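Structure file work_25.txt with compact mmCIF, C-alpha atoms (C1' of nucleotides):
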# COMPACT_ATOMS: atom_id res chain seq x y z
CA MET A 1 -12.63 12.52 -14.64
CA THR A 2 -13.41 10.32 -11.65
CA SER A 3 -11.87 6.87 -11.87
CA THR A 4 -14.04 3.80 -12.32
CA LEU A 5 -13.48 2.97 -8.66
CA GLY A 6 -15.04 6.33 -7.83
CA TYR A 7 -18.18 5.38 -9.73
CA ALA A 8 -18.25 1.99 -8.04
CA ILE A 9 -18.33 3.82 -4.71
CA LEU A 10 -21.04 6.20 -5.95
CA ALA A 11 -23.07 3.21 -7.15
CA VAL A 12 -23.01 1.65 -3.68
CA LEU A 13 -23.74 4.98 -2.00
CA ALA A 14 -26.76 5.39 -4.28
CA ARG A 15 -28.32 2.48 -2.39
CA GLY A 16 -27.78 4.05 1.01
CA ASP A 17 -25.28 5.91 3.19
CA ARG A 18 -22.18 3.97 4.21
CA THR A 19 -18.89 4.28 6.07
CA GLY A 20 -15.62 3.50 4.29
CA TYR A 21 -15.60 0.22 6.14
CA ASP A 22 -19.08 -0.68 4.89
CA LEU A 23 -18.01 0.24 1.37
CA ALA A 24 -15.03 -2.08 1.66
CA ALA A 25 -17.38 -4.86 2.75
CA ALA A 26 -19.63 -4.19 -0.26
CA MET A 27 -16.55 -4.29 -2.50
CA ARG A 28 -16.01 -7.84 -1.35
CA ARG A 29 -19.60 -8.94 -1.75
CA PRO A 30 -21.69 -8.35 -3.80
CA VAL A 31 -19.83 -5.69 -5.82
CA GLY A 32 -16.65 -7.76 -5.62
CA TYR A 33 -18.12 -10.16 -8.18
CA PHE A 34 -17.36 -7.52 -10.82
CA TRP A 35 -15.31 -4.78 -9.14
CA THR A 36 -12.96 -5.13 -6.21
CA ALA A 37 -10.94 -2.68 -4.12
CA GLY A 38 -9.12 -2.84 -0.83
CA HIS A 39 -10.02 -0.48 1.99
CA SER A 40 -6.82 1.52 1.53
CA GLN A 41 -7.86 2.33 -2.03
CA ILE A 42 -11.38 3.19 -0.91
CA HIS A 43 -10.33 5.67 1.76
CA ALA A 44 -8.06 7.42 -0.71
CA GLU A 45 -10.79 7.53 -3.36
CA LEU A 46 -13.33 8.89 -0.87
CA GLN A 47 -11.03 11.84 -0.22
CA LYS A 48 -10.89 12.55 -3.95
CA LEU A 49 -14.66 12.23 -4.27
CA ARG A 50 -15.14 14.63 -1.41
CA ALA A 51 -12.72 17.11 -2.98
CA ALA A 52 -14.82 16.90 -6.15
CA GLU A 53 -17.95 17.35 -4.00
CA LEU A 54 -19.55 14.16 -5.31
CA VAL A 55 -19.93 12.83 -1.78
CA GLY A 56 -20.21 14.36 1.68
CA PHE A 57 -20.03 12.83 5.15
CA GLU A 58 -21.15 13.26 8.69
CA SER A 59 -18.83 12.40 11.55
CA ALA A 60 -19.81 10.26 14.48
CA HIS A 61 -17.70 8.96 17.30
CA GLY A 62 -16.30 5.55 16.50
CA PRO A 63 -13.53 3.14 17.31
CA GLY A 64 -9.92 3.87 16.44
CA PRO A 65 -7.92 7.08 16.39
CA GLN A 66 -10.16 8.77 13.81
CA ALA A 67 -13.82 9.68 13.91
CA LYS A 68 -16.24 7.43 12.03
CA LYS A 69 -17.50 9.04 8.82
CA VAL A 70 -20.83 8.18 7.24
CA TYR A 71 -20.72 9.11 3.57
CA HIS A 72 -23.62 10.09 1.34
CA LEU A 73 -24.09 11.10 -2.30
CA THR A 74 -24.45 14.76 -3.13
CA ALA A 75 -26.78 15.94 -5.90
CA GLU A 76 -23.72 16.37 -8.14
CA GLY A 77 -22.59 12.87 -7.24
CA LEU A 78 -25.90 11.36 -8.25
CA ALA A 79 -25.92 13.33 -11.50
CA ALA A 80 -22.35 12.24 -12.30
CA LEU A 81 -23.26 8.60 -11.61
CA ARG A 82 -26.36 8.81 -13.81
CA ALA A 83 -24.37 10.31 -16.67
CA TRP A 84 -21.61 7.71 -16.35
CA VAL A 85 -23.95 4.69 -16.39
CA THR A 86 -24.97 5.06 -20.02
CA GLU A 87 -21.59 6.06 -21.39
CA PRO A 88 -19.70 3.30 -23.19
CA PRO A 89 -17.27 1.56 -20.85
CA ARG A 90 -13.63 2.30 -21.52
CA GLU A 91 -11.97 -0.83 -22.81
CA ARG A 92 -9.86 -2.64 -20.28
CA PRO A 93 -7.13 -4.95 -21.48
CA GLU A 94 -8.07 -8.60 -21.17
CA ARG A 95 -5.84 -10.44 -18.72
CA ASP A 96 -6.82 -14.05 -18.17
CA GLU A 97 -4.06 -16.17 -16.73
CA LEU A 98 -5.82 -19.50 -17.25
CA VAL A 99 -6.26 -18.80 -20.95
CA LEU A 100 -2.61 -17.76 -21.17
CA LYS A 101 -1.65 -21.08 -19.61
CA THR A 102 -3.87 -22.78 -22.16
CA TYR A 103 -1.94 -21.03 -24.91
CA ALA A 104 1.19 -22.76 -23.64
CA ALA A 105 -0.64 -25.99 -22.70
CA TRP A 106 0.86 -27.95 -25.60
CA LEU A 107 4.15 -28.00 -23.63
CA ALA A 108 2.67 -29.52 -20.47
CA GLU A 109 2.05 -33.01 -19.16
CA PRO A 110 -1.59 -33.96 -19.82
CA GLU A 111 -2.06 -35.48 -16.39
CA LEU A 112 -1.08 -32.25 -14.60
CA LEU A 113 -3.21 -30.20 -16.96
CA ARG A 114 -6.17 -32.45 -16.29
CA ARG A 115 -5.76 -31.77 -12.59
CA LEU A 116 -5.60 -28.02 -13.23
CA PHE A 117 -8.77 -27.95 -15.29
CA ALA A 118 -10.60 -30.29 -12.93
CA GLU A 119 -9.86 -27.84 -10.10
CA GLN A 120 -11.00 -24.90 -12.18
CA LEU A 121 -14.18 -26.72 -13.16
CA ALA A 122 -14.95 -27.49 -9.53
CA ALA A 123 -14.43 -23.84 -8.59
CA HIS A 124 -16.78 -22.67 -11.34
CA GLU A 125 -19.42 -25.22 -10.40
CA GLU A 126 -19.22 -24.06 -6.82
CA ARG A 127 -19.67 -20.43 -7.79
CA LEU A 128 -22.50 -21.43 -10.10
CA ALA A 129 -24.27 -23.20 -7.25
CA ASP A 130 -23.77 -20.08 -5.10
CA TYR A 131 -25.27 -17.87 -7.81
CA GLU A 132 -28.19 -20.26 -8.29
CA ARG A 133 -28.93 -20.05 -4.57
CA GLN A 134 -28.82 -16.26 -4.83
CA GLU A 135 -31.14 -16.34 -7.82
CA ALA A 136 -33.61 -18.47 -5.91
CA SER A 137 -33.53 -15.97 -3.03
CA PHE A 138 -34.76 -13.25 -5.37
CA GLY A 139 -38.51 -13.76 -5.14
CA GLY A 140 -39.13 -13.20 -8.82
CA GLN A 141 -37.44 -10.67 -11.02
CA PRO A 142 -37.20 -7.11 -9.67
CA ALA A 143 -38.69 -4.37 -11.84
CA PHE A 144 -36.48 -1.91 -13.67
CA GLY A 145 -36.20 1.23 -11.54
CA ASP A 146 -35.86 -0.88 -8.41
CA PRO A 147 -32.27 -1.08 -7.03
CA GLY A 148 -32.76 -4.84 -6.93
CA PHE A 149 -32.84 -4.84 -10.72
CA GLY A 150 -29.13 -3.98 -10.83
CA GLY A 151 -28.33 -6.87 -8.52
CA TYR A 152 -30.48 -9.27 -10.49
CA ALA A 153 -29.09 -8.30 -13.88
CA THR A 154 -25.48 -8.64 -12.72
CA LEU A 155 -26.33 -12.01 -11.18
CA ARG A 156 -27.70 -13.09 -14.56
CA CYS A 157 -24.39 -12.17 -16.11
CA GLY A 158 -22.47 -14.11 -13.48
CA LEU A 159 -24.67 -17.15 -13.95
CA SER A 160 -24.12 -17.07 -17.70
CA TYR A 161 -20.38 -16.52 -17.29
CA GLU A 162 -19.89 -19.44 -14.91
CA ARG A 163 -21.81 -21.74 -17.22
CA HIS A 164 -19.70 -20.72 -20.20
CA ARG A 165 -16.49 -21.16 -18.24
CA ALA A 166 -17.49 -24.52 -16.77
CA GLU A 167 -18.47 -25.77 -20.21
CA TRP A 168 -15.10 -24.75 -21.64
CA CYS A 169 -13.26 -26.50 -18.79
CA ARG A 170 -15.28 -29.63 -19.53
CA TRP A 171 -14.36 -29.38 -23.20
CA MET A 172 -10.69 -29.07 -22.24
CA LEU A 173 -10.99 -32.16 -20.06
CA THR A 174 -12.45 -34.19 -22.90
CA GLN A 175 -9.54 -33.03 -25.08
CA LEU A 176 -7.12 -34.21 -22.44
CA GLY A 177 -8.71 -37.62 -22.55
CA GLY A 178 -9.40 -37.87 -18.85
CA GLY A 179 -13.13 -38.38 -19.17
CA LEU A 180 -15.40 -36.62 -16.69
CA MET B 1 9.12 -15.25 -9.17
CA THR B 2 8.70 -14.04 -12.74
CA SER B 3 5.59 -11.98 -13.33
CA THR B 4 2.74 -13.30 -15.45
CA LEU B 5 3.88 -11.01 -18.25
CA GLY B 6 7.22 -12.79 -18.15
CA TYR B 7 5.50 -16.12 -18.75
CA ALA B 8 3.44 -14.61 -21.54
CA ILE B 9 6.70 -13.67 -23.24
CA LEU B 10 8.17 -17.12 -22.64
CA ALA B 11 5.02 -18.69 -24.10
CA VAL B 12 5.46 -16.72 -27.32
CA LEU B 13 9.17 -17.41 -27.47
CA ALA B 14 8.43 -21.14 -27.10
CA ARG B 15 6.90 -20.95 -30.57
CA GLY B 16 9.97 -19.37 -32.13
CA ASP B 17 12.62 -16.70 -31.65
CA ARG B 18 11.43 -13.10 -31.73
CA THR B 19 12.58 -9.51 -31.32
CA GLY B 20 10.94 -7.27 -28.72
CA TYR B 21 9.06 -5.65 -31.54
CA ASP B 22 7.71 -8.99 -32.75
CA LEU B 23 6.70 -9.84 -29.19
CA ALA B 24 4.79 -6.57 -28.94
CA ALA B 25 2.99 -7.45 -32.17
CA ALA B 26 2.07 -10.88 -30.76
CA MET B 27 0.80 -9.17 -27.59
CA ARG B 28 -1.67 -7.33 -29.75
CA ARG B 29 -2.77 -10.35 -31.75
CA PRO B 30 -3.28 -13.20 -31.01
CA VAL B 31 -2.04 -13.13 -27.40
CA GLY B 32 -3.79 -9.80 -26.86
CA TYR B 33 -7.11 -11.62 -26.78
CA PHE B 34 -6.18 -12.79 -23.27
CA TRP B 35 -3.02 -10.91 -22.26
CA THR B 36 -1.88 -7.49 -23.41
CA ALA B 37 1.26 -5.44 -22.87
CA GLY B 38 2.78 -2.36 -24.45
CA HIS B 39 6.24 -2.47 -25.98
CA SER B 40 7.68 -0.40 -23.13
CA GLN B 41 6.60 -3.06 -20.67
CA ILE B 42 7.97 -5.82 -22.88
CA HIS B 43 11.45 -4.33 -23.23
CA ALA B 44 11.65 -3.88 -19.46
CA GLU B 45 10.47 -7.43 -18.83
CA LEU B 46 12.93 -8.86 -21.34
CA GLN B 47 15.77 -7.30 -19.37
CA LYS B 48 14.50 -8.99 -16.21
CA LEU B 49 14.11 -12.32 -17.99
CA ARG B 50 17.64 -12.05 -19.28
CA ALA B 51 18.96 -11.24 -15.80
CA ALA B 52 17.18 -14.41 -14.60
CA GLU B 53 18.71 -16.26 -17.57
CA LEU B 54 15.34 -17.47 -18.80
CA VAL B 55 15.97 -15.92 -22.21
CA GLY B 56 19.05 -15.02 -24.23
CA PHE B 57 19.49 -12.97 -27.40
CA GLU B 58 21.68 -12.50 -30.40
CA SER B 59 22.34 -9.03 -31.71
CA ALA B 60 22.00 -8.10 -35.33
CA HIS B 61 22.30 -4.74 -36.99
CA GLY B 62 18.96 -3.05 -37.18
CA PRO B 63 17.24 0.30 -37.50
CA GLY B 64 17.38 2.87 -34.72
CA PRO B 65 20.10 3.83 -32.27
CA GLN B 66 20.22 0.35 -30.69
CA ALA B 67 21.11 -3.01 -32.18
CA LYS B 68 18.28 -5.39 -33.02
CA LYS B 69 18.04 -8.27 -30.54
CA VAL B 70 16.57 -11.64 -31.43
CA TYR B 71 15.49 -13.36 -28.23
CA HIS B 72 15.26 -17.10 -27.62
CA LEU B 73 14.30 -19.33 -24.69
CA THR B 74 17.05 -20.90 -22.62
CA ALA B 75 16.69 -24.41 -21.21
CA GLU B 76 15.87 -22.85 -17.81
CA GLY B 77 13.29 -20.63 -19.47
CA LEU B 78 11.54 -23.59 -21.07
CA ALA B 79 11.60 -25.52 -17.79
CA ALA B 80 10.17 -22.52 -15.90
CA LEU B 81 7.41 -22.12 -18.48
CA ARG B 82 6.54 -25.83 -18.33
CA ALA B 83 6.34 -25.74 -14.54
CA TRP B 84 4.22 -22.58 -14.55
CA VAL B 85 1.63 -23.88 -17.04
CA THR B 86 0.13 -26.47 -14.72
CA GLU B 87 0.24 -24.38 -11.53
CA PRO B 88 -3.12 -22.91 -10.48
CA PRO B 89 -3.48 -19.34 -11.78
CA ARG B 90 -3.27 -16.70 -9.11
CA GLU B 91 -6.67 -15.12 -8.73
CA ARG B 92 -7.02 -11.75 -10.36
CA PRO B 93 -9.70 -9.42 -9.13
CA GLU B 94 -12.66 -9.20 -11.46
CA ARG B 95 -13.04 -5.75 -12.98
CA ASP B 96 -15.86 -5.47 -15.48
CA GLU B 97 -17.01 -1.93 -16.08
CA LEU B 98 -20.12 -2.88 -18.06
CA VAL B 99 -21.37 -5.08 -15.24
CA LEU B 100 -20.65 -2.29 -12.77
CA LYS B 101 -22.75 0.04 -14.90
CA THR B 102 -25.46 -2.61 -14.91
CA TYR B 103 -25.37 -2.60 -11.11
CA ALA B 104 -26.29 1.09 -11.24
CA ALA B 105 -28.57 0.69 -14.28
CA TRP B 106 -31.75 1.19 -12.26
CA LEU B 107 -30.87 4.90 -12.09
CA ALA B 108 -30.57 5.39 -15.84
CA GLU B 109 -32.90 6.27 -18.67
CA PRO B 110 -33.98 3.05 -20.44
CA GLU B 111 -33.55 4.53 -23.90
CA LEU B 112 -29.89 5.42 -23.28
CA LEU B 113 -29.24 2.03 -21.71
CA ARG B 114 -30.78 0.32 -24.71
CA ARG B 115 -28.33 2.18 -26.94
CA LEU B 116 -25.43 1.13 -24.71
CA PHE B 117 -26.33 -2.54 -24.77
CA ALA B 118 -27.13 -2.52 -28.48
CA GLU B 119 -23.61 -1.19 -29.10
CA GLN B 120 -22.08 -3.81 -26.83
CA LEU B 121 -24.07 -6.56 -28.51
CA ALA B 122 -22.89 -5.42 -31.93
CA ALA B 123 -19.27 -5.41 -30.72
CA HIS B 124 -19.59 -8.94 -29.37
CA GLU B 125 -21.24 -10.20 -32.53
CA GLU B 126 -18.44 -8.69 -34.57
CA ARG B 127 -15.78 -10.37 -32.44
CA LEU B 128 -17.74 -13.62 -32.61
CA ALA B 129 -17.77 -13.45 -36.41
CA ASP B 130 -14.02 -12.78 -36.34
CA TYR B 131 -13.43 -15.81 -34.12
CA GLU B 132 -15.65 -17.98 -36.31
CA ARG B 133 -13.57 -16.99 -39.32
CA GLN B 134 -10.45 -17.92 -37.39
CA GLU B 135 -11.97 -21.23 -36.40
CA ALA B 136 -12.78 -22.01 -40.01
CA SER B 137 -9.18 -21.24 -40.98
CA PHE B 138 -7.99 -24.00 -38.66
CA GLY B 139 -8.20 -27.02 -40.96
CA GLY B 140 -9.57 -29.34 -38.31
CA GLN B 141 -8.56 -29.47 -34.70
CA PRO B 142 -4.82 -29.51 -33.96
CA ALA B 143 -3.52 -32.41 -31.89
CA PHE B 144 -2.40 -31.89 -28.31
CA GLY B 145 1.38 -31.47 -28.36
CA ASP B 146 1.16 -29.27 -31.44
CA PRO B 147 1.61 -25.52 -30.73
CA GLY B 148 -1.58 -24.99 -32.71
CA PHE B 149 -3.50 -26.75 -29.96
CA GLY B 150 -2.89 -23.81 -27.62
CA GLY B 151 -4.24 -21.39 -30.20
CA TYR B 152 -7.25 -23.54 -30.92
CA ALA B 153 -8.16 -24.09 -27.27
CA THR B 154 -7.96 -20.37 -26.46
CA LEU B 155 -10.07 -19.63 -29.54
CA ARG B 156 -12.67 -22.06 -28.22
CA CYS B 157 -12.73 -20.11 -24.97
CA GLY B 158 -13.13 -16.83 -26.82
CA LEU B 159 -15.94 -18.22 -28.95
CA SER B 160 -17.78 -19.43 -25.88
CA TYR B 161 -17.19 -16.15 -24.05
CA GLU B 162 -18.51 -13.98 -26.87
CA ARG B 163 -21.62 -16.14 -27.16
CA HIS B 164 -22.28 -15.89 -23.44
CA ARG B 165 -21.77 -12.16 -23.48
CA ALA B 166 -23.91 -11.55 -26.55
CA GLU B 167 -26.68 -13.64 -25.06
CA TRP B 168 -26.60 -11.61 -21.85
CA CYS B 169 -26.73 -8.34 -23.80
CA ARG B 170 -29.76 -9.67 -25.68
CA TRP B 171 -31.42 -10.57 -22.39
CA MET B 172 -30.76 -7.05 -21.10
CA LEU B 173 -32.31 -5.59 -24.24
CA THR B 174 -35.48 -7.64 -23.80
CA GLN B 175 -35.63 -6.40 -20.19
CA LEU B 176 -35.38 -2.84 -21.43
CA GLY B 177 -38.35 -3.45 -23.68
CA GLY B 178 -36.67 -2.34 -26.87
CA GLY B 179 -37.21 -5.58 -28.74
CA LEU B 180 -34.39 -6.81 -30.92
C1' DT C 1 -10.79 -11.30 32.89
C1' DC C 2 -8.64 -12.21 28.86
C1' DT C 3 -8.65 -13.14 24.06
C1' DG C 4 -10.15 -12.78 19.57
C1' DA C 5 -13.34 -11.08 16.08
C1' DC C 6 -15.24 -7.11 14.40
C1' DT C 7 -15.60 -2.12 13.58
C1' DA C 8 -13.17 1.85 11.86
C1' DT C 9 -9.65 5.00 10.14
C1' DG C 10 -5.61 5.95 7.78
C1' DT C 11 -0.30 5.83 5.66
C1' DC C 12 3.44 3.89 2.93
C1' DT C 13 6.10 1.06 -0.22
C1' DG C 14 6.79 -1.26 -4.28
C1' DA C 15 5.07 -3.54 -8.44
C1' DA C 16 2.52 -3.28 -12.57
C1' DC C 17 1.01 -0.66 -16.08
C1' DT C 18 -0.17 3.36 -19.50
C1' DG C 19 1.10 6.74 -22.61
C1' DA C 20 4.24 10.10 -24.08
C1' DC C 21 8.82 11.16 -25.58
C1' DA C 22 13.09 10.11 -28.20
C1' DT C 23 15.84 8.15 -32.01
C1' DA C 24 16.82 6.23 -36.53
C1' DG C 25 17.25 2.89 -40.61
C1' DT C 26 14.66 0.62 -44.67
C1' DG C 27 11.63 0.34 -48.38
C1' DC C 28 7.54 1.56 -51.04
C1' DC C 29 4.64 4.69 -53.57
C1' DG C 30 3.60 8.76 -55.90
C1' DC D 1 13.07 12.75 -54.44
C1' DG D 2 10.00 13.46 -50.70
C1' DG D 3 7.04 11.62 -47.40
C1' DC D 4 4.94 7.94 -44.95
C1' DA D 5 4.60 3.46 -42.92
C1' DC D 6 7.06 0.07 -40.81
C1' DT D 7 10.85 -1.87 -38.11
C1' DA D 8 13.31 -1.46 -33.84
C1' DT D 9 15.04 0.04 -29.35
C1' DG D 10 14.63 2.35 -25.21
C1' DT D 11 13.44 6.04 -21.07
C1' DC D 12 10.47 8.59 -18.04
C1' DA D 13 6.58 10.36 -15.44
C1' DG D 14 2.48 9.39 -13.54
C1' DT D 15 -1.48 6.23 -12.08
C1' DT D 16 -3.38 2.25 -10.08
C1' DC D 17 -3.30 -1.08 -7.00
C1' DA D 18 -2.21 -4.83 -3.54
C1' DG D 19 -0.40 -5.71 0.84
C1' DA D 20 1.82 -4.43 4.92
C1' DC D 21 1.95 -1.37 8.81
C1' DA D 22 -0.30 1.39 12.47
C1' DT D 23 -3.94 2.52 15.86
C1' DA D 24 -7.82 1.79 18.87
C1' DG D 25 -12.70 1.05 20.67
C1' DT D 26 -16.65 -2.56 21.38
C1' DC D 27 -18.60 -6.85 22.37
C1' DA D 28 -19.18 -11.86 22.87
C1' DG D 29 -17.68 -16.02 24.68
C1' DA D 30 -14.46 -19.04 27.17

Produce structure tokens that represent the structure in this file.
Amino acid sequence: MTSTLGYAILAVLARGDRTGYDLAAAMRRPVGYFWTAGHSQIHAELQKLRAAELVGFESAHGPGPQAKKVYHLTAEGLAALRAWVTEPPRERPERDELVLKTYAAWLAEPELLRRLFAEQLAAHEERLADYERQEASFGGQPAFGDPGFGGYATLRCGLSYERHRAEWCRWMLTQLGGGL
Amino acid sequence: MTSTLGYAILAVLARGDRTGYDLAAAMRRPVGYFWTAGHSQIHAELQKLRAAELVGFESAHGPGPQAKKVYHLTAEGLAALRAWVTEPPRERPERDELVLKTYAAWLAEPELLRRLFAEQLAAHEERLADYERQEASFGGQPAFGDPGFGGYATLRCGLSYERHRAEWCRWMLTQLGGGL
DNA sequence: TCTGACTATGTCTGAACTGACATAGTGCCG
DNA sequence: CGGCACTATGTCAGTTCAGACATAGTCAGA
């Protein structure tokens, strides 16, 4: 019954105890590559997870009006996460604005479109370079069962995705007759 | 100021006049491959678009308690769509549940994971076959400026995406030691 | 010593979106 | 002639989510 965001939080907590703030940081990088959430959403979700007894926390004194809370997985939380991992993902509607623009591209001026796709291509190449640096920093492939395996496998997906996307942008540019 | 859904509707209307019902059908296929919306959302958005004078409609008698409304683009609507097409897409947060599961995959039983990825691979191969059939039904590549170009270019993206995704699933399966 | 970045918690509003509910005519098939 | 699928419009309640608002301690550097 927990939302997908709840499982994202459990997945991070499975790698070590964290505050809500730390979780928000993880949701930017590296989890943000495939699941993002703002801190306001995370604090709200943590309250739900605690009500469901999937996480617990210990208070410590910290900055701000409230006490700092270090969250950890409970046994039920770990079991719920384990069960969720191998269940088929619920289908999310595809929403890709660039592809939607492409659908209407026949109405546009080629020169402006060329600029758009050149920008997109550059962004994908940049991300690809970033991922390749990350791949190099993995000293060889982590074994299954190691938390690093999750990070490596998702990186593989990102690498493959950016290559596919960059290639498609390049194809679009050749269609638009701008050369590379 | 119009939402992305609004532009999706304008993009369909640019290919011909439609009722809300027809638009909902288009939002399932083919637009649903990259942008989906339920009919309730579409009727609400059409009212906003009409208030902004980007679309107009003509009533005809039809089934149900309300009159049937055939919507068309106005000159402002077409201009707004044209301007939108070449503007950079606003970044949408990535949300990919399968990749999130992969991030936590190190906790799971390999046999169950293998089943999950085998299912996903089969789904991608099926969609790929569908897209390949669609590609074959295009008798050669439509010229830029032809509405068919938009459909063809998005299909190209889908084809490339499904290949990338299937390849990644296959890589995961080899990692899980199940063979193919 | 002041300023700004970082740590840390939360609330609230509004937009986008999902799925259920509600209504009703037409046309086909058995 | 009955039932079902399709055409066609809409409302409503609830969820998710992004972004703004609010508060306050620590620490480094100018």

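Within 8 Å of chain D, and using only C-alpha atoms (C1' of nucleotides), the residues found on chain A are Gly38, Gln41, Gly62, Pro63, Gly64 and Pro65 of chain A.
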
Item to check | Interatomic distance (Å, one decimal) between atom CA of A:Gln175 and atom CA of B:Ser3 | outcome: 28.5 Å

Next on the checklist: Residues of chain C were defined as contacting chain A if any atom lay at most 10 Å from it, counting only C-alpha atoms (C1' of nucleotides); please report them as an MDAnalysis selection string.
Outcome noted: chainID C and resid 7:11

Saved selection, atoms kept: C-alpha atoms (C1' of nucleotides), as an mmCIF file, keeping the file's coordinate frame:
data_model
loop_
_atom_site.group_PDB
_atom_site.id
_atom_site.type_symbol
_atom_site.label_atom_id
_atom_site.label_comp_id
_atom_site.auth_asym_id
_atom_site.auth_seq_id
_atom_site.Cartn_x
_atom_site.Cartn_y
_atom_site.Cartn_z
ATOM 1 C "C1'" DT C 7 -15.600 -2.120 13.580
ATOM 2 C "C1'" DA C 8 -13.170 1.850 11.860
ATOM 3 C "C1'" DT C 9 -9.650 5.000 10.140
ATOM 4 C "C1'" DG C 10 -5.610 5.950 7.780
ATOM 5 C "C1'" DT C 11 -0.300 5.830 5.660
#

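Candidate residues B:Ala129, B:Leu112, B:Ala75, B:Ala80 were compared for distance to chain A, and the nearest is B:Leu112, using all atoms listed in the file.
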
Next on the checklist: I want to know what sits within 10 Å of A:Asp146, based on all atoms listed in the file, with residues of the same chain fewer than 6 positions away left out; could you give that as a PyMOL selection string?
Outcome noted: chain B and resi 105-107

Checklist entry - Between A:Glu58, A:Glu53, A:Glu91, A:Asp17, which one has atoms that come closest to chain B, using all atoms listed in the file? => result A:Glu91

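With all atoms listed in the file taken into account, the protein and nucleic acid residues at most 8 Å from B:Leu49 (excluding it and anything under 4 positions from it in its own chain) are B:Thr2, B:Gly6, B:Glu45, B:Glu53, B:Leu54, B:Val55.
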
Compile a residue-level contact table for chain A against chain B at a cut-off of 8 Å, reporting for every qualifying residue the shortest atom pair and its distance in Å to one decimal, with only C-alpha atoms counted, rows ordered by chain and ascending number, as CSV.
residue,atom,partner,partner_atom,distance
A:Thr4,CA,B:Glu97,CA,7.5
A:Ala8,CA,B:Leu100,CA,6.8
A:Ala11,CA,B:Ala104,CA,5.6
A:Val31,CA,B:Leu100,CA,7.8
A:Gly32,CA,B:Glu94,CA,7.2
A:Tyr33,CA,B:Glu94,CA,6.4
A:Phe34,CA,B:Glu94,CA,5.0
A:Trp35,CA,B:Arg95,CA,4.6
A:Thr36,CA,B:Pro93,CA,6.1
A:Arg82,CA,B:Ala108,CA,5.8
A:Ala83,CA,B:Ala108,CA,8.0
A:Trp84,CA,B:Lys101,CA,7.9
A:Val85,CA,B:Lys101,CA,5.0
A:Thr86,CA,B:Leu113,CA,5.5
A:Glu87,CA,B:Leu116,CA,7.1
A:Pro88,CA,B:Leu116,CA,6.3
A:Pro89,CA,B:Glu97,CA,5.9
A:Arg90,CA,B:Glu97,CA,7.7
A:Pro93,CA,B:Thr36,CA,6.1
A:Glu94,CA,B:Phe34,CA,5.1
A:Arg95,CA,B:Trp35,CA,4.6
A:Asp96,CA,B:Phe34,CA,5.3
A:Glu97,CA,B:Pro89,CA,5.9
A:Leu98,CA,B:Pro89,CA,6.0
A:Val99,CA,B:Thr154,CA,6.0
A:Leu100,CA,B:Phe34,CA,6.5
A:Lys101,CA,B:Val85,CA,5.0
A:Thr102,CA,B:Gly150,CA,5.6
A:Tyr103,CA,B:Gly150,CA,4.0
A:Ala104,CA,B:Ala11,CA,5.6
A:Ala105,CA,B:Gly150,CA,5.8
A:Trp106,CA,B:Gly145,CA,4.5
A:Leu107,CA,B:Arg82,CA,6.2
A:Ala108,CA,B:Arg82,CA,5.8
A:Leu112,CA,B:Thr86,CA,5.9
A:Leu113,CA,B:Thr86,CA,5.5
A:Leu116,CA,B:Thr86,CA,6.1
A:Phe144,CA,B:Trp106,CA,5.8
A:Gly145,CA,B:Trp106,CA,4.5
A:Asp146,CA,B:Trp106,CA,6.0
A:Pro147,CA,B:Trp106,CA,5.7
A:Phe149,CA,B:Trp106,CA,6.3
A:Gly150,CA,B:Tyr103,CA,4.0
A:Gly151,CA,B:Tyr103,CA,5.8
A:Ala153,CA,B:Thr102,CA,6.8
A:Thr154,CA,B:Val99,CA,6.0
A:Arg156,CA,B:Trp168,CA,7.5
A:Cys157,CA,B:Trp168,CA,6.2
A:Ser160,CA,B:His164,CA,6.1
A:Tyr161,CA,B:His164,CA,6.5
A:His164,CA,B:Ser160,CA,6.1
A:Arg165,CA,B:Tyr161,CA,7.7
A:Trp168,CA,B:Cys157,CA,6.2
A:Met172,CA,B:Ala153,CA,7.5
A:Gln175,CA,B:Phe144,CA,7.9
A:Leu176,CA,B:Phe144,CA,7.9

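Interatomic distance, atom CA of B:Ala122 to atom CA of A:Glu132: 28.4 Å.
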
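In this structure, atom CA of B:Arg28 sits 24.1 Å away from atom C1' of C:DG27.
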